[in-house]
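This is my_file13.cif (mmCIF, C-alpha atoms).
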```cif
data_data
#
loop_
_atom_site.label_atom_id
_atom_site.label_comp_id
_atom_site.auth_asym_id
_atom_site.auth_seq_id
_atom_site.Cartn_x
_atom_site.Cartn_y
_atom_site.Cartn_z
CA MET Q 154 109.02 96.52 79.47
CA GLN Q 155 110.30 97.83 82.82
CA ASN Q 156 108.58 96.51 85.89
CA ASP Q 157 107.31 99.49 87.94
CA ASP Q 158 105.66 97.45 90.72
CA ARG Q 159 106.22 99.41 93.93
CA SER Q 160 103.85 97.50 96.18
CA ALA Q 161 105.17 96.59 99.62
CA LYS Q 162 107.38 93.50 99.81
CA TYR Q 163 107.40 91.29 102.91
CA GLU Q 164 110.04 88.70 103.82
CA GLN Q 165 108.14 85.58 104.85
CA ASN Q 166 109.59 83.66 107.82
CA SER Q 167 112.09 86.46 108.46
CA LEU Q 168 110.91 86.90 112.09
CA THR Q 169 111.04 84.19 114.77
CA LEU Q 170 108.79 83.92 117.82
CA ALA Q 171 111.64 85.27 119.97
CA GLY Q 172 112.14 88.15 117.55
CA ALA Q 173 108.45 89.07 117.69
CA VAL Q 174 108.46 88.95 121.50
CA ALA Q 175 111.61 91.09 121.56
CA MET Q 176 110.00 93.60 119.22
CA GLY Q 177 106.84 93.84 121.32
CA THR Q 178 108.70 94.18 124.61
CA GLY Q 179 111.06 96.65 122.94
CA VAL Q 180 108.21 99.03 122.17
CA MET Q 181 106.42 98.47 125.48
CA ILE Q 182 109.33 98.77 127.88
CA GLY Q 183 110.79 101.77 126.12
CA ALA Q 184 107.58 103.75 126.62
CA GLY Q 185 106.18 102.11 129.73
CA ILE Q 186 108.90 102.42 132.30
CA PHE Q 187 111.20 105.22 131.29
CA ALA Q 188 108.70 107.54 129.62
CA LEU Q 189 105.50 107.08 131.62
CA THR Q 190 106.26 106.18 135.25
CA GLY Q 191 106.44 109.78 136.43
CA GLN Q 192 103.47 110.85 134.29
CA ILE Q 193 101.31 108.06 135.74
CA ALA Q 194 102.36 108.86 139.32
CA GLN Q 195 101.26 112.45 138.75
CA PHE Q 196 97.69 111.20 138.23
CA ALA Q 197 97.46 108.07 140.38
CA GLY Q 198 99.54 109.21 143.36
CA PRO Q 199 100.83 106.47 145.70
CA TRP Q 200 98.67 103.91 143.89
CA PHE Q 201 100.58 104.24 140.61
CA PRO Q 202 102.04 100.67 140.81
CA LEU Q 203 98.48 99.33 140.86
CA ALA Q 204 97.69 101.50 137.83
CA PHE Q 205 100.18 99.36 135.88
CA LEU Q 206 98.43 96.19 137.11
CA VAL Q 207 94.93 97.39 136.18
CA ALA Q 208 96.23 98.58 132.80
CA ALA Q 209 97.66 95.09 132.21
CA ILE Q 210 94.27 93.54 132.91
CA ILE Q 211 92.56 95.94 130.48
CA SER Q 212 95.27 95.26 127.88
CA GLY Q 213 94.71 91.53 128.36
CA PHE Q 214 91.03 91.95 127.43
CA SER Q 215 92.08 94.04 124.42
CA ALA Q 216 94.72 91.52 123.36
CA TYR Q 217 92.04 88.81 123.22
CA THR Q 218 90.44 90.53 120.22
CA TYR Q 219 93.72 91.01 118.36
CA ILE Q 220 94.85 87.44 119.02
CA LYS Q 221 91.57 85.92 117.82
CA VAL Q 222 91.58 87.81 114.53
CA SER Q 223 95.34 87.72 113.89
CA ASN Q 224 95.59 83.98 114.48
CA ARG Q 225 92.97 83.45 111.79
CA TYR Q 226 94.17 86.19 109.42
CA PRO Q 227 97.89 86.93 110.01
CA SER Q 228 98.94 89.99 108.03
CA ALA Q 229 101.60 92.68 107.77
CA GLY Q 230 98.78 95.19 108.21
CA GLY Q 231 97.73 93.88 111.61
CA ILE Q 232 95.26 96.48 112.85
CA ALA Q 233 94.49 97.70 109.33
CA MET Q 234 93.59 94.14 108.35
CA ILE Q 235 91.36 93.67 111.41
CA LEU Q 236 89.48 96.90 110.69
CA ASN Q 237 89.10 96.02 107.01
CA LYS Q 238 87.68 92.60 107.89
CA ALA Q 239 85.27 94.16 110.41
CA TYR Q 240 84.10 97.23 108.47
CA GLY Q 241 85.29 96.90 104.87
CA PRO Q 242 87.20 99.57 102.86
CA VAL Q 243 85.35 102.54 104.36
CA ALA Q 244 86.24 105.73 106.22
CA VAL Q 245 85.92 104.03 109.63
CA THR Q 246 88.60 101.53 108.62
CA GLY Q 247 91.04 104.06 107.22
CA GLY Q 248 90.41 106.64 109.95
CA SER Q 249 90.79 104.16 112.80
CA ALA Q 250 93.94 102.67 111.31
CA LEU Q 251 95.39 106.16 110.93
CA LEU Q 252 94.55 106.84 114.59
CA MET Q 253 96.61 103.82 115.54
CA ALA Q 254 99.44 104.79 113.21
CA LEU Q 255 99.49 108.30 114.65
CA SER Q 256 99.35 106.89 118.18
CA MET Q 257 102.41 104.79 117.40
CA ILE Q 258 104.21 107.75 115.82
CA ILE Q 259 103.35 109.82 118.90
CA ASN Q 260 104.79 107.00 121.00
CA GLU Q 261 108.01 107.14 118.98
CA SER Q 262 108.39 110.85 119.61
CA LEU Q 263 107.55 110.35 123.30
CA VAL Q 264 110.22 107.69 123.68
CA ALA Q 265 112.74 109.73 121.66
CA ARG Q 266 112.32 112.72 123.98
CA THR Q 267 112.64 110.38 126.95
CA PHE Q 268 115.93 109.18 125.47
CA ALA Q 269 117.07 112.80 125.37
CA THR Q 270 116.04 113.66 128.95
CA TYR Q 271 117.81 110.61 130.35
CA THR Q 272 120.93 111.18 128.26
CA LEU Q 273 121.24 114.72 129.61
CA GLN Q 274 121.36 113.34 133.17
CA LEU Q 275 124.95 112.31 132.37
CA PHE Q 276 125.92 115.98 132.22
CA PRO Q 277 125.77 117.85 135.54
CA GLY Q 278 124.40 121.37 135.75
CA ASP Q 279 121.97 123.15 133.47
CA THR Q 280 121.98 122.11 129.82
CA PRO Q 281 120.40 124.05 126.94
CA SER Q 282 116.77 122.99 126.49
CA VAL Q 283 117.28 122.81 122.72
CA LEU Q 284 119.37 119.66 123.25
CA ILE Q 285 116.25 117.63 124.07
CA PRO Q 286 114.59 117.95 120.64
CA LEU Q 287 117.98 117.69 118.90
CA LEU Q 288 118.86 114.43 120.63
CA ALA Q 289 115.33 113.10 120.09
CA VAL Q 290 115.42 113.78 116.36
CA GLY Q 291 118.92 112.32 116.17
CA LEU Q 292 117.66 109.05 117.67
CA ILE Q 293 114.78 108.91 115.19
CA VAL Q 294 117.21 109.36 112.28
CA PHE Q 295 119.39 106.57 113.71
CA ALA Q 296 116.31 104.32 113.96
CA PHE Q 297 115.59 105.01 110.29
CA ILE Q 298 119.09 103.88 109.31
CA VAL Q 299 118.73 100.67 111.34
CA ASN Q 300 115.32 99.88 109.81
CA ALA Q 301 116.66 100.50 106.32
CA ALA Q 302 119.12 97.66 106.96
CA GLY Q 303 116.29 95.09 106.81
CA ASN Q 304 114.08 92.85 108.94
CA ARG Q 305 116.70 90.37 110.06
CA PHE Q 306 118.97 93.09 111.37
CA VAL Q 307 116.09 94.75 113.22
CA GLY Q 308 114.97 91.41 114.70
CA GLY Q 309 118.49 90.50 115.82
CA LEU Q 310 119.13 93.91 117.36
CA SER Q 311 115.75 93.80 119.14
CA LYS Q 312 116.62 90.43 120.73
CA VAL Q 313 119.95 91.66 122.07
CA ALA Q 314 118.46 94.93 123.34
CA ALA Q 315 115.55 93.09 124.99
CA VAL Q 316 117.84 90.79 126.97
CA VAL Q 317 120.12 93.66 128.05
CA LYS Q 318 117.41 96.06 129.13
CA ILE Q 319 115.09 93.55 130.81
CA GLY Q 320 118.01 92.07 132.74
CA GLY Q 321 119.33 95.52 133.63
CA ILE Q 322 115.93 96.86 134.70
CA LEU Q 323 115.38 93.84 136.95
CA VAL Q 324 118.78 94.47 138.55
CA PHE Q 325 117.76 98.11 139.12
CA ALA Q 326 114.45 97.06 140.68
CA ILE Q 327 116.02 94.50 143.02
CA VAL Q 328 118.78 96.90 144.15
CA ALA Q 329 116.29 99.73 144.76
CA LEU Q 330 113.91 97.44 146.67
CA ALA Q 331 116.82 96.06 148.72
CA ALA Q 332 117.85 99.61 149.62
CA ALA Q 333 114.27 100.19 150.83
CA GLY Q 334 114.33 96.96 152.84
CA PHE Q 335 111.86 95.18 150.49
CA SER Q 336 109.10 96.99 152.37
CA PHE Q 337 106.93 97.70 149.29
CA GLU Q 338 105.72 100.72 151.25
CA PRO Q 339 105.48 104.17 149.59
CA ALA Q 340 108.22 106.62 150.51
CA THR Q 341 107.00 109.34 152.86
CA GLY Q 342 105.78 112.68 151.60
CA ASP Q 343 102.64 114.77 151.33
CA GLU Q 344 100.47 113.68 148.44
CA PRO Q 345 98.65 116.17 146.17
CA ALA Q 346 94.91 116.20 146.96
CA ARG Q 347 93.82 115.09 143.49
CA ALA Q 348 96.47 112.40 143.11
CA GLY Q 349 94.65 109.95 145.37
CA SER Q 350 91.19 110.33 143.79
CA ILE Q 351 89.42 107.59 141.85
CA GLY Q 352 89.34 109.82 138.77
CA GLY Q 353 93.08 110.45 139.06
CA PHE Q 354 93.76 106.74 139.43
CA LEU Q 355 91.68 105.88 136.35
CA ALA Q 356 93.42 108.62 134.37
CA GLY Q 357 96.73 107.07 135.43
CA VAL Q 358 95.43 103.70 134.22
CA ALA Q 359 94.63 105.24 130.82
CA LEU Q 360 98.22 106.43 130.51
CA ALA Q 361 99.54 103.09 131.75
CA ILE Q 362 97.66 101.35 128.93
CA LEU Q 363 100.09 103.11 126.62
CA ALA Q 364 102.82 101.13 128.34
CA TYR Q 365 101.25 97.90 127.04
CA LYS Q 366 99.85 98.89 123.64
CA GLY Q 367 103.15 97.93 122.03
CA PHE Q 368 101.76 94.39 121.81
CA THR Q 369 99.81 95.56 118.76
CA THR Q 370 103.10 95.96 116.85
CA ILE Q 371 103.34 92.17 116.87
CA THR Q 372 100.12 91.92 114.84
CA ASN Q 373 101.79 94.02 112.11
CA SER Q 374 104.38 91.29 111.55
CA GLY Q 375 101.99 88.48 110.60
CA SER Q 376 103.27 88.26 107.02
CA GLU Q 377 106.87 87.95 108.18
CA LEU Q 378 106.53 85.82 111.32
CA LYS Q 379 107.24 82.09 111.24
CA ASN Q 380 104.09 80.00 111.82
CA PRO Q 381 101.98 83.15 112.27
CA HIS Q 382 98.67 81.37 112.94
CA ARG Q 383 100.10 80.24 116.29
CA ASN Q 384 102.98 82.57 116.99
CA VAL Q 385 101.20 85.94 116.78
CA GLY Q 386 99.04 85.09 119.78
CA ARG Q 387 101.85 83.40 121.67
CA ALA Q 388 104.18 86.35 121.13
CA ILE Q 389 101.53 88.80 122.41
CA ILE Q 390 100.85 86.78 125.57
CA ILE Q 391 104.55 86.29 126.37
CA ALA Q 392 105.37 89.96 125.76
CA LEU Q 393 102.50 91.18 127.98
CA ALA Q 394 103.49 88.80 130.79
CA ILE Q 395 107.15 89.88 130.69
CA CYS Q 396 106.22 93.55 130.75
CA LEU Q 397 103.78 93.16 133.63
CA VAL Q 398 106.45 91.58 135.84
CA VAL Q 399 109.03 94.22 134.91
CA TYR Q 400 106.60 97.15 135.36
CA MET Q 401 105.37 96.03 138.77
CA LEU Q 402 108.87 95.50 140.16
CA VAL Q 403 110.15 98.83 138.86
CA ALA Q 404 107.06 100.77 139.95
CA TRP Q 405 107.37 99.40 143.48
CA ALA Q 406 111.10 100.13 143.46
CA VAL Q 407 110.56 103.75 142.42
CA GLY Q 408 107.66 104.22 144.84
CA SER Q 409 109.67 102.74 147.73
CA THR Q 410 112.64 105.01 147.05
CA LEU Q 411 111.06 108.37 146.16
CA SER Q 412 108.05 110.22 147.51
CA ILE Q 413 105.30 111.13 145.07
CA GLU Q 414 106.47 114.76 145.08
CA GLU Q 415 109.98 113.63 144.14
CA ILE Q 416 108.69 111.32 141.39
CA ILE Q 417 106.56 114.10 139.92
CA ALA Q 418 109.40 116.63 140.13
CA ALA Q 419 111.62 114.21 138.16
CA ARG Q 420 108.79 112.74 136.08
CA ASP Q 421 110.76 112.82 132.80
CA TYR Q 422 113.66 110.86 134.33
CA SER Q 423 112.18 109.31 137.48
CA LEU Q 424 114.07 106.00 137.28
CA ALA Q 425 117.42 107.76 137.19
CA GLU Q 426 116.43 109.81 140.23
CA ALA Q 427 115.23 106.68 142.05
CA ALA Q 428 118.63 105.05 141.56
CA ARG Q 429 120.43 107.88 143.34
CA PRO Q 430 119.36 107.11 146.96
CA ALA Q 431 120.17 103.42 146.52
CA VAL Q 432 123.66 103.47 144.95
CA GLY Q 433 124.49 107.11 144.27
CA ASP Q 434 125.82 108.51 141.01
CA LEU Q 435 126.92 105.08 139.79
CA GLY Q 436 123.31 103.95 139.95
CA VAL Q 437 122.21 107.01 138.00
CA GLN Q 438 124.76 106.26 135.28
CA PHE Q 439 123.68 102.61 135.13
CA THR Q 440 120.01 103.57 134.86
CA VAL Q 441 120.71 106.18 132.19
CA ALA Q 442 122.61 103.58 130.14
CA LEU Q 443 119.61 101.24 130.41
CA ALA Q 444 117.27 104.06 129.42
CA ILE Q 445 119.35 104.82 126.34
CA ILE Q 446 119.26 101.16 125.24
CA ALA Q 447 115.55 100.75 126.05
CA THR Q 448 114.34 103.91 124.38
CA ALA Q 449 116.54 103.48 121.31
CA SER Q 450 115.38 99.90 120.75
CA GLY Q 451 111.78 100.98 121.41
CA VAL Q 452 111.90 103.63 118.68
CA ILE Q 453 113.52 101.19 116.24
CA ALA Q 454 110.85 98.52 116.85
CA SER Q 455 107.96 100.98 116.68
CA ILE Q 456 109.14 102.52 113.39
CA PHE Q 457 109.47 99.01 111.97
CA ALA Q 458 105.85 98.22 112.85
CA VAL Q 459 104.12 101.49 111.92
CA SER Q 460 105.84 101.80 108.54
CA ARG Q 461 104.50 98.37 107.62
CA MET Q 462 100.99 99.23 108.75
CA ILE Q 463 100.94 102.41 106.65
CA ALA Q 464 102.29 100.41 103.70
CA MET Q 465 99.39 98.00 104.11
CA LEU Q 466 96.91 100.91 104.20
CA THR Q 467 98.46 102.16 100.97
CA ASP Q 468 98.16 98.74 99.32
CA MET Q 469 94.52 98.66 100.45
CA LYS Q 470 94.05 102.11 98.83
CA LEU Q 471 92.82 103.58 102.11
CA VAL Q 472 95.41 106.37 102.27
CA PRO Q 473 97.01 108.47 99.52
CA HIS Q 474 100.61 107.92 98.54
CA LYS Q 475 103.19 109.88 96.58
CA HIS Q 476 106.68 108.66 95.71
CA PHE Q 477 108.23 112.17 95.72
CA GLY Q 478 110.87 110.81 93.38
CA MET Q 479 112.13 108.28 95.96
CA PRO Q 480 113.43 104.91 94.74
CA GLY Q 481 112.27 101.60 96.17
CA ASP Q 482 108.88 100.18 97.08
CA ILE Q 483 106.06 101.67 99.14
CA GLN Q 484 107.33 100.05 102.33
CA LYS Q 485 110.56 102.07 102.06
CA HIS Q 486 108.59 105.25 101.42
CA THR Q 487 106.32 104.79 104.43
CA LEU Q 488 109.43 104.30 106.55
CA VAL Q 489 110.54 107.78 105.49
CA TYR Q 490 107.10 109.30 106.18
CA THR Q 491 106.99 107.69 109.63
CA VAL Q 492 110.40 109.06 110.58
CA VAL Q 493 109.58 112.57 109.36
CA ALA Q 494 106.28 112.69 111.31
CA ALA Q 495 107.89 111.36 114.50
CA GLY Q 496 110.74 113.85 114.16
CA VAL Q 497 108.36 116.81 113.86
CA LEU Q 498 106.41 115.75 116.97
CA ALA Q 499 109.59 115.12 118.95
CA ALA Q 500 110.88 118.58 118.06
CA PHE Q 501 107.80 120.58 119.08
CA PHE Q 502 105.78 118.73 121.78
CA ASP Q 503 106.68 118.00 125.41
CA LEU Q 504 106.37 114.57 127.03
CA GLY Q 505 103.09 115.16 128.89
CA ARG Q 506 101.17 116.39 125.88
CA ILE Q 507 102.61 113.73 123.57
CA ALA Q 508 101.53 110.98 125.98
CA SER Q 509 98.03 112.46 126.34
CA MET Q 510 97.42 112.55 122.59
CA GLY Q 511 98.68 109.00 122.20
CA ALA Q 512 96.40 107.69 124.94
CA ILE Q 513 93.28 109.32 123.49
CA PHE Q 514 93.98 108.21 119.91
CA TYR Q 515 94.75 104.65 120.96
CA LEU Q 516 91.73 104.13 123.22
CA VAL Q 517 89.29 105.50 120.62
CA MET Q 518 90.78 103.19 117.98
CA ASP Q 519 90.73 100.22 120.36
CA ILE Q 520 87.04 100.67 121.13
CA ILE Q 521 86.24 100.83 117.40
CA ILE Q 522 88.12 97.56 116.79
CA HIS Q 523 86.34 95.70 119.60
CA TRP Q 524 82.95 96.98 118.40
CA GLY Q 525 83.62 95.90 114.82
CA VAL Q 526 84.70 92.39 115.84
CA LEU Q 527 81.74 92.09 118.23
CA ARG Q 528 79.18 93.12 115.61
CA ARG Q 529 80.57 91.44 112.49
CA MET Q 530 83.30 88.89 113.21
CA ARG Q 531 82.78 87.21 116.58
CA GLU Q 532 81.39 83.99 115.12
CA GLU Q 533 83.92 83.96 112.27
CA VAL Q 534 86.88 84.09 114.68
CA ASP Q 535 85.10 82.25 117.54
CA ALA Q 536 85.37 85.19 119.96
CA ASN Q 537 83.51 85.33 123.28
CA PRO Q 538 81.11 88.34 123.18
CA VAL Q 539 81.33 88.81 126.97
CA ILE Q 540 85.08 89.43 126.72
CA LEU Q 541 84.60 91.80 123.79
CA VAL Q 542 81.95 93.84 125.64
CA SER Q 543 84.15 93.92 128.74
CA ALA Q 544 87.06 95.27 126.68
CA ILE Q 545 84.85 98.07 125.31
CA ILE Q 546 83.58 99.05 128.77
CA LEU Q 547 87.05 99.02 130.35
CA ASP Q 548 88.50 101.16 127.53
CA ALA Q 549 85.58 103.60 127.73
CA VAL Q 550 85.87 104.07 131.50
CA ALA Q 551 89.61 104.74 131.25
CA LEU Q 552 89.16 107.11 128.29
CA ILE Q 553 86.38 109.17 129.91
CA ALA Q 554 88.29 109.49 133.20
CA PHE Q 555 91.42 110.58 131.37
CA ILE Q 556 89.63 113.20 129.27
CA VAL Q 557 87.92 114.65 132.36
CA MET Q 558 91.17 114.86 134.34
CA LYS Q 559 93.14 116.39 131.46
CA ALA Q 560 90.33 118.87 130.75
CA LEU Q 561 90.80 120.26 134.26
CA ASN Q 562 94.50 121.11 133.85
CA ASP Q 563 95.25 121.08 130.10
CA PRO Q 564 92.06 121.58 128.06
CA LEU Q 565 94.02 122.61 124.96
CA ILE Q 566 95.43 119.12 124.44
CA ILE Q 567 91.89 117.68 124.66
CA VAL Q 568 90.73 120.14 121.98
CA ILE Q 569 93.73 119.28 119.78
CA SER Q 570 93.23 115.53 120.23
CA LEU Q 571 89.47 115.50 119.60
CA GLY Q 572 89.87 117.96 116.72
CA GLY Q 573 92.54 115.68 115.27
CA ILE Q 574 90.20 112.69 115.43
CA VAL Q 575 87.44 114.60 113.61
CA ALA Q 576 89.92 115.83 110.99
CA ILE Q 577 91.29 112.30 110.37
CA PHE Q 578 87.85 110.78 109.75
CA ALA Q 579 86.76 113.75 107.63
CA PHE Q 580 89.92 113.41 105.53
CA GLU Q 581 89.37 109.66 105.09
CA SER Q 582 85.78 110.20 104.01
CA TRP Q 583 86.86 112.84 101.46
CA PHE Q 584 89.74 110.72 100.16
CA LEU Q 585 87.65 107.58 99.66
CA ARG Q 586 84.89 109.51 97.87
CA ARG Q 587 87.49 111.13 95.62
CA ALA Q 588 89.28 107.83 94.97
CA GLY Q 589 85.97 106.12 94.18
CA GLY Q 590 85.09 108.90 91.76
CA SER Q 591 88.47 108.63 90.05
CA GLU Q 592 88.10 104.87 89.59
CA ALA Q 593 84.63 105.37 88.13
CA ASP Q 594 85.96 107.98 85.69
CA ASP Q 595 88.80 105.64 84.68
CA GLY Q 596 86.29 102.88 84.02
CA GLU Q 597 84.14 105.14 81.86
CA THR Q 598 87.22 106.27 79.88
CA GLU Q 599 88.24 102.69 79.17
CA ALA Q 600 84.70 101.82 78.12
CA ASP Q 601 84.56 104.81 75.75
CA ALA Q 602 87.90 103.82 74.24
CA GLN Q 603 86.54 100.40 73.43
#
```
Could you rewrite the structure in this file as structure tokens?
Amino acid sequence: MQNDDRSAKYEQNSLTLAGAVAMGTGVMIGAGIFALTGQIAQFAGPWFPLAFLVAAIISGFSAYTYIKVSNRYPSAGGIAMILNKAYGPVAVTGGSALLMALSMIINESLVARTFATYTLQLFPGDTPSVLIPLLAVGLIVFAFIVNAAGNRFVGGLSKVAAVVKIGGILVFAIVALAAAGFSFEPATGDEPARAGSIGGFLAGVALAILAYKGFTTITNSGSELKNPHRNVGRAIIIALAICLVVYMLVAWAVGSTLSIEEIIAARDYSLAEAARPAVGDLGVQFTVALAIIATASGVIASIFAVSRMIAMLTDMKLVPHKHFGMPGDIQKHTLVYTVVAAGVLAAFFDLGRIASMGAIFYLVMDIIIHWGVLRRMREEVDANPVILVSAIILDAVALIAFIVMKALNDPLIIVISLGGIVAIFAFESWFLRRAGGSEADDGETEADAQ
């Protein structure tokens, strides 16, 4: 009899601690520096470097929850596993996990479009706007091919890319700061009235949290990481620390070189523009090369993580799945679905709106995770309730400030994001009721047959 088992397969011990750190930093640095620096400066004004610092502190509180649960229950599902342990196989679990998956897919499309905008800086003069979605989708297809090659190839590529881009970005930061005389003072220029407000700063912090949320991809590798009970937490801490240092240096370098008006005007490629005053066109070319490496490796690492999380949701019967005639196991299929969804978003949404949706989805999901662990798992995983409550409050403050600020200048994206959240949970509730009814009918049929 032919074996038709298509459940997801995971290669145990196929990822090292260094590989997990490289994967986490790959996702974080790709989105955090190249994609979000200009967007954050638009909200936080001259204080945008501090927005990265405050976001790191909030992410540290969030990471505490993920580390506590993942160290005890390492899993390829990561977030899906945490939600299932906290709430059980219910709509809250499936809906929240889908919010995270969609947030990660949104991040992939954000980084892919950033790849396109930086790449086009190599070509002087006006370029057709259609090239941005074309290049973005092309990168996503390339990331699919790399992921199809297997875990070891992805891990090895992530390590090389991490060393190259972190080293290169640090060189950029030091050169730019040296050109500014290591003053750490903002470049001169008139600041927009709203940019310096507390609400604007907190909204910038909410976006900056996206620059760190890539640490959650490490939790999705628990089934494949060597010594996962120790290394999941260690990888998260190391990755967050590396990214904090890199972000602060680069944010100060950009802020010391360009005025806020200049950063906002070049918000989709602000690092390339910041390199120009320091070392001219050569600096721009160097920065663009770094951006290409960083964004490409970020998309590859993110697709690796989200496809595994969706595969875990499928194995847990929390989301529907169809093979559509494709060969291979579910993990291969979810890789295809992830790439298709990211490609569609990259083709039709601009950077600002993509980032806004990702921030809202992620923060809502993060609050739900902390609440579930606080109410139902804190003793089981030996978690400090004060830290859990603090994480909820910090997330909520950032989320509310961001929604208020975006509602003032782009209310449509708030409507789309909140409507999307309602639709996701409604779909999950319908699917689980339908799946439960189908299982009951199958049980009655088997009983009748006997």
Which residues fall under the PyMOL selection byres ((chain Q and resi 220) around 10) in this file, as a ChimeraX atom specification? /Q:215-219,221-227,369,371-372,382-390,534,536
Using only C-alpha atoms, please write the residues we just selected to a file, as a PDB file, in the coordinates of the input.
```
ATOM      1  CA  SER Q 215      92.080  94.040 124.420  1.00  0.00           C
ATOM      2  CA  ALA Q 216      94.720  91.520 123.360  1.00  0.00           C
ATOM      3  CA  TYR Q 217      92.040  88.810 123.220  1.00  0.00           C
ATOM      4  CA  THR Q 218      90.440  90.530 120.220  1.00  0.00           C
ATOM      5  CA  TYR Q 219      93.720  91.010 118.360  1.00  0.00           C
ATOM      6  CA  LYS Q 221      91.570  85.920 117.820  1.00  0.00           C
ATOM      7  CA  VAL Q 222      91.580  87.810 114.530  1.00  0.00           C
ATOM      8  CA  SER Q 223      95.340  87.720 113.890  1.00  0.00           C
ATOM      9  CA  ASN Q 224      95.590  83.980 114.480  1.00  0.00           C
ATOM     10  CA  ARG Q 225      92.970  83.450 111.790  1.00  0.00           C
ATOM     11  CA  TYR Q 226      94.170  86.190 109.420  1.00  0.00           C
ATOM     12  CA  PRO Q 227      97.890  86.930 110.010  1.00  0.00           C
ATOM     13  CA  THR Q 369      99.810  95.560 118.760  1.00  0.00           C
ATOM     14  CA  ILE Q 371     103.340  92.170 116.870  1.00  0.00           C
ATOM     15  CA  THR Q 372     100.120  91.920 114.840  1.00  0.00           C
ATOM     16  CA  HIS Q 382      98.670  81.370 112.940  1.00  0.00           C
ATOM     17  CA  ARG Q 383     100.100  80.240 116.290  1.00  0.00           C
ATOM     18  CA  ASN Q 384     102.980  82.570 116.990  1.00  0.00           C
ATOM     19  CA  VAL Q 385     101.200  85.940 116.780  1.00  0.00           C
ATOM     20  CA  GLY Q 386      99.040  85.090 119.780  1.00  0.00           C
ATOM     21  CA  ARG Q 387     101.850  83.400 121.670  1.00  0.00           C
ATOM     22  CA  ALA Q 388     104.180  86.350 121.130  1.00  0.00           C
ATOM     23  CA  ILE Q 389     101.530  88.800 122.410  1.00  0.00           C
ATOM     24  CA  ILE Q 390     100.850  86.780 125.570  1.00  0.00           C
ATOM     25  CA  VAL Q 534      86.880  84.090 114.680  1.00  0.00           C
ATOM     26  CA  ALA Q 536      85.370  85.190 119.960  1.00  0.00           C
TER      27      ALA Q 536
END
```
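Using all atoms listed in the file, the smallest distance between any of Q:Ile391, Q:Ala254, Q:Ala265, Q:Val568 and Q:Ala171 comes from Q:Ile391.
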Option closest in space to Q:Leu255, from Q:Val459, Q:Ile235, Q:Ala329, Q:Val539 [counting only C-alpha atoms]: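 Closest to Q:Leu255, using only C-alpha atoms: Q:Val459.
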Nearest to Q:Thr448 by atom-to-atom distance, counting only C-alpha atoms, from Q:Ile293, Q:Ile577, Q:Ala173, Q:Leu488: Q:Ile293
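Picture a line from atom CA of Q:Gly496 to atom CA of Q:Lys366; it runs 20.8 Å.
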May I ask for the distance between atom CA of Q:Gly451 and atom CA of Q:Thr169, given in Å to one decimal place?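 Going from atom CA of Q:Gly451 over to atom CA of Q:Thr169 covers 18.1 Å.
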Counting all atoms listed in the file, which residues have an atom no more than 8 Å from (85.3, 102.8, 109.1) in the file's coordinates? Please list them as a PyMOL selection string. chain Q and resi 236+240-249
Please expand the PyMOL selection byres ((chain Q and resi 272-276) around 9) into the concrete residues it hits in this file, giving the result as number ranges by chain. Q: 267-271, 277-280, 284-285, 288, 422, 425, 437-438, 441-442, 444-445
Do you have the atom CA of Q:Ile567-atom CA of Q:Leu287 distance handy?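 Separation of atom CA of Q:Ile567 and atom CA of Q:Leu287: 26.7 Å.
Distances here use all atoms listed in the file; by that measure, the residue among Q:Asp535, Q:Glu426, Q:Asp548, Q:Asp563 closest to Q:Met518 is Q:Asp548.
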Spatial sel., origin (110.3, 102.9, 105.0), limit 8 Å, only C-alpha atoms, listed as a PyMOL selection string: chain Q and resi 297+300-301+460-461+483-491
With C-alpha atoms retained, could you export that selection as a PDB file, in the frame of the given file?
```
ATOM      1  CA  PHE Q 297     115.590 105.010 110.290  1.00  0.00           C
ATOM      2  CA  ASN Q 300     115.320  99.880 109.810  1.00  0.00           C
ATOM      3  CA  ALA Q 301     116.660 100.500 106.320  1.00  0.00           C
ATOM      4  CA  SER Q 460     105.840 101.800 108.540  1.00  0.00           C
ATOM      5  CA  ARG Q 461     104.500  98.370 107.620  1.00  0.00           C
ATOM      6  CA  ILE Q 483     106.060 101.670  99.140  1.00  0.00           C
ATOM      7  CA  GLN Q 484     107.330 100.050 102.330  1.00  0.00           C
ATOM      8  CA  LYS Q 485     110.560 102.070 102.060  1.00  0.00           C
ATOM      9  CA  HIS Q 486     108.590 105.250 101.420  1.00  0.00           C
ATOM     10  CA  THR Q 487     106.320 104.790 104.430  1.00  0.00           C
ATOM     11  CA  LEU Q 488     109.430 104.300 106.550  1.00  0.00           C
ATOM     12  CA  VAL Q 489     110.540 107.780 105.490  1.00  0.00           C
ATOM     13  CA  TYR Q 490     107.100 109.300 106.180  1.00  0.00           C
ATOM     14  CA  THR Q 491     106.990 107.690 109.630  1.00  0.00           C
TER      15      THR Q 491
END
```
The PyMOL selection byres ((chain Q and resi 498-515) around 9) on the file shown: which residues, as a ChimeraX atom specification? /Q:188-189,192,249,252-253,255-267,283,285-287,289-290,293,359-363,366,421,493-497,516-520,552,555-556,559,563,566-567,569-571,573-574
Skip Q:Ala418 itself and residues of its chain fewer than 6 positions away, then list as a list in words all residues within 12 Å of it, counting only C-alpha atoms.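 The residues that qualify are Thr190, Gly191, Gln192, Ala194, Gln195, Leu411, Ser412, Leu424, Glu426 and Ala427 of chain Q.
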Mind giving me the axis-aligned box for stretch 551-556 of chain Q with 3 Å on every side, centre plus edges in Å to one decimal, as JSON?
```
{"center_x": 88.9, "center_y": 109.0, "center_z": 130.7, "size_x": 11.0, "size_y": 14.5, "size_z": 10.9}
```
